[in-house]
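Report on one structure; see the data block that follows.
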Amino acid sequence: MKFAALNGERIEPAPRLKAKCPFCESEVIARCGKIRVWHWAHKSTKHCDHWWEPEKEWHRTWKNLFPNEWQEQGRRDQDGELHIADVLTPQGLALEFQHSAIAREEVDKRTAFHKDICWIVDGMRLESTINQFMDALKHARPLNSSGAHVYEVYYYDSRFLKKWSGLNAPVVIDFGMDDVWVIGRSLENSALMYTLKKTALVEQFKQGNRPPPVQIQRTPQRRRHRGLRRF
Ligand SMILES: [Zn+2]
């Protein structure tokens, strides 16, 4: 975690500091080493949010695009179980930055819990992910649309794309470029995707907006036509 509680303040880790977890109030210790990003760790090894993943620089870079007060906001489900959103905007939009592999069941659970959520996934963790996606793009089909350029990207061998498809929330894939790829709709064998400037995406997030879905419109006079709603 980036924040702990000390004397009623949210504070960031610094060497030899001790504080309390803002959620479960147990003791947390500042871990300020050279390998991992500086973070707070529960003294007892168990984290009070079962879904918490160890943070990388990649998480922090994304989180820091948003005000401190929005970061690491916890909410409890009806069973009292704690779920900490990486970012929770004042409008109630939860942002989850996912670096590690995660079971689809977990993704569905978190999506159902937060409802108004957008996943931002690190596409750079495995070289195979990048290569498979590049391959899939070679066979992608541009679609006519009124807004952004939409591509129908077939899953083929892109296990990553297949895995993140069909979710009841938008998924943004970060390949470390100025533009991110958005899964705007999932079909049986393909995903309808478009790119967005990362800076524009962040501005939309700050207003509580998610990247829009790709609309499939059917007009009676013409064969199937697909269009994209703008922001
Ligand atoms: Zn805790």
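Ordered as shown in the structure tokens, chains take letters A, B, and onward, while each chain numbers its residues from 1 and ligands are numbered from 1 in the order shown.
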- Could you name the residues that touch stretch 179-185 of chain A at 10 Å or less, counting only C-alpha atoms, but leaving out those on the same chain fewer than 3 positions away, as number ranges by chain? A: 119-121, 123, 150-153, 161, 164-176, 190-201, 211-216, 228
Taking only residues of chain A that have an atom at most 7 Å from an atom of ligand 1, what is each one's shortest atom pair and its distance in Å to one decimal, using only C-alpha atoms and all ligand atoms, in chain and number order, as CSV?
```
residue,atom,partner,partner_atom_place_in_ligand_line,distance
A:Cys21,CA,ligand 1,1 (Zn),4.6
A:Pro22,CA,ligand 1,1 (Zn),6.6
A:Phe23,CA,ligand 1,1 (Zn),5.0
A:Cys24,CA,ligand 1,1 (Zn),4.0
A:Glu25,CA,ligand 1,1 (Zn),6.0
A:Ser26,CA,ligand 1,1 (Zn),5.9
A:His42,CA,ligand 1,1 (Zn),6.5
A:His47,CA,ligand 1,1 (Zn),5.7
A:Cys48,CA,ligand 1,1 (Zn),4.3
A:Asp49,CA,ligand 1,1 (Zn),7.0
```
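Relative to atom CA of A:Glu96, atom CA of A:Ile84 is found at 9.4 Å.
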- Query: In chain A, what's strand (DSSP E) per DSSP? Answer as an NGL selection string?
  - Reply: :A and (4-6 or 9-11 or 18-20 or 27-31 or 39-42 or 71-76 or 82-88 or 94-98 or 117-122 or 141-143 or 150-154 or 171-174 or 179-186 or 190-197 or 214-217 or 225-228)
- Message: Please compute the atom CA of A:Gly74-atom CA of A:Ala94 distance, one decimal, in Å.
- Response: 10.3 Å
Env of A:His50: 9 Å cut, atoms = only C-alpha atoms, seq-sep filter 3 positions within chain, self excluded. Answer as an mmCIF file with N, CA and C atoms, in the first residue's frame.
```
data_model
loop_
_atom_site.group_PDB
_atom_site.id
_atom_site.type_symbol
_atom_site.label_atom_id
_atom_site.label_comp_id
_atom_site.auth_asym_id
_atom_site.auth_seq_id
_atom_site.Cartn_x
_atom_site.Cartn_y
_atom_site.Cartn_z
ATOM 1 N N LYS A 46 -0.507 -11.389 6.541
ATOM 2 C CA LYS A 46 -1.765 -11.414 5.814
ATOM 3 C C LYS A 46 -2.297 -9.997 5.554
ATOM 4 N N HIS A 47 -2.656 -9.749 4.318
ATOM 5 C CA HIS A 47 -3.246 -8.450 3.982
ATOM 6 C C HIS A 47 -4.748 -8.518 4.241
ATOM 7 N N GLU A 53 -2.594 -7.040 -4.639
ATOM 8 C CA GLU A 53 -1.395 -7.611 -5.253
ATOM 9 C C GLU A 53 -0.201 -6.708 -4.972
ATOM 10 N N GLU A 81 -16.619 -7.996 3.699
ATOM 11 C CA GLU A 81 -15.271 -8.200 3.172
ATOM 12 C C GLU A 81 -14.779 -6.917 2.505
ATOM 13 N N LEU A 82 -13.519 -6.598 2.765
ATOM 14 C CA LEU A 82 -12.945 -5.337 2.291
ATOM 15 C C LEU A 82 -12.384 -5.458 0.879
ATOM 16 N N HIS A 83 -12.679 -4.473 0.030
ATOM 17 C CA HIS A 83 -12.093 -4.422 -1.306
ATOM 18 C C HIS A 83 -11.548 -3.022 -1.533
#
```
- For A:Leu95, please output as a VMD selection string all residues within 8 Å (counting only C-alpha atoms; exclusion window: fewer than 3 positions along the same chain). chain A and resid 85 to 88 117 to 120
- Message: Using only C-alpha atoms, can you tell me which of A:Thr89, A:Asn7, A:Ser128, A:Ser44 comes closest to A:Phe66?
- Response: A:Thr89
- Give me, please, the distance in Å between atom CA of A:Gly80 and atom CA of A:Thr111, quoted to one decimal.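 These atoms are spaced 17.0 Å apart.
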- Message: Set the distance at 12 Å and use only C-alpha atoms: which residues neighbour A:Leu6 once local chain neighbours fewer than 5 positions away are removed? I'd like the list as a list of chain:residue names.
- Response: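 Returned residues: A:Ile11, A:Glu12, A:Pro13, A:Leu17, A:Lys18, A:Ala19, A:Lys20, A:Cys21, A:Pro22, A:Glu25, A:Ser26, A:Glu27, A:Val28, A:Ile29.
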- Message: Applying 9 Å and only C-alpha atoms, which residues near A:Arg16 remain after dropping the ones on its own chain fewer than 6 positions away? List them as a ChimeraX atom specification.
- Response: /A:29-32
- Query: Hey, which of A:Arg110, A:Asn131, A:Met1, A:Glu9 ends up closest to A:Arg36? Count only C-alpha atoms.
  - Reply: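 Smallest separation from A:Arg36 among the options: A:Met1.
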- Write out as a ChimeraX atom specification all residues of stretch 47-141 of chain A that DSSP puts in helix (DSSP H, G or I) for this structure's backbone. /A:57-63,68-70,104-114,127-138
- Which of these residues is nearest to A:Ile130, using only C-alpha atoms: A:Lys2, A:His149, A:Arg159, A:Thr45?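 With only C-alpha atoms as the atom set, the closest residue is A:Arg159.
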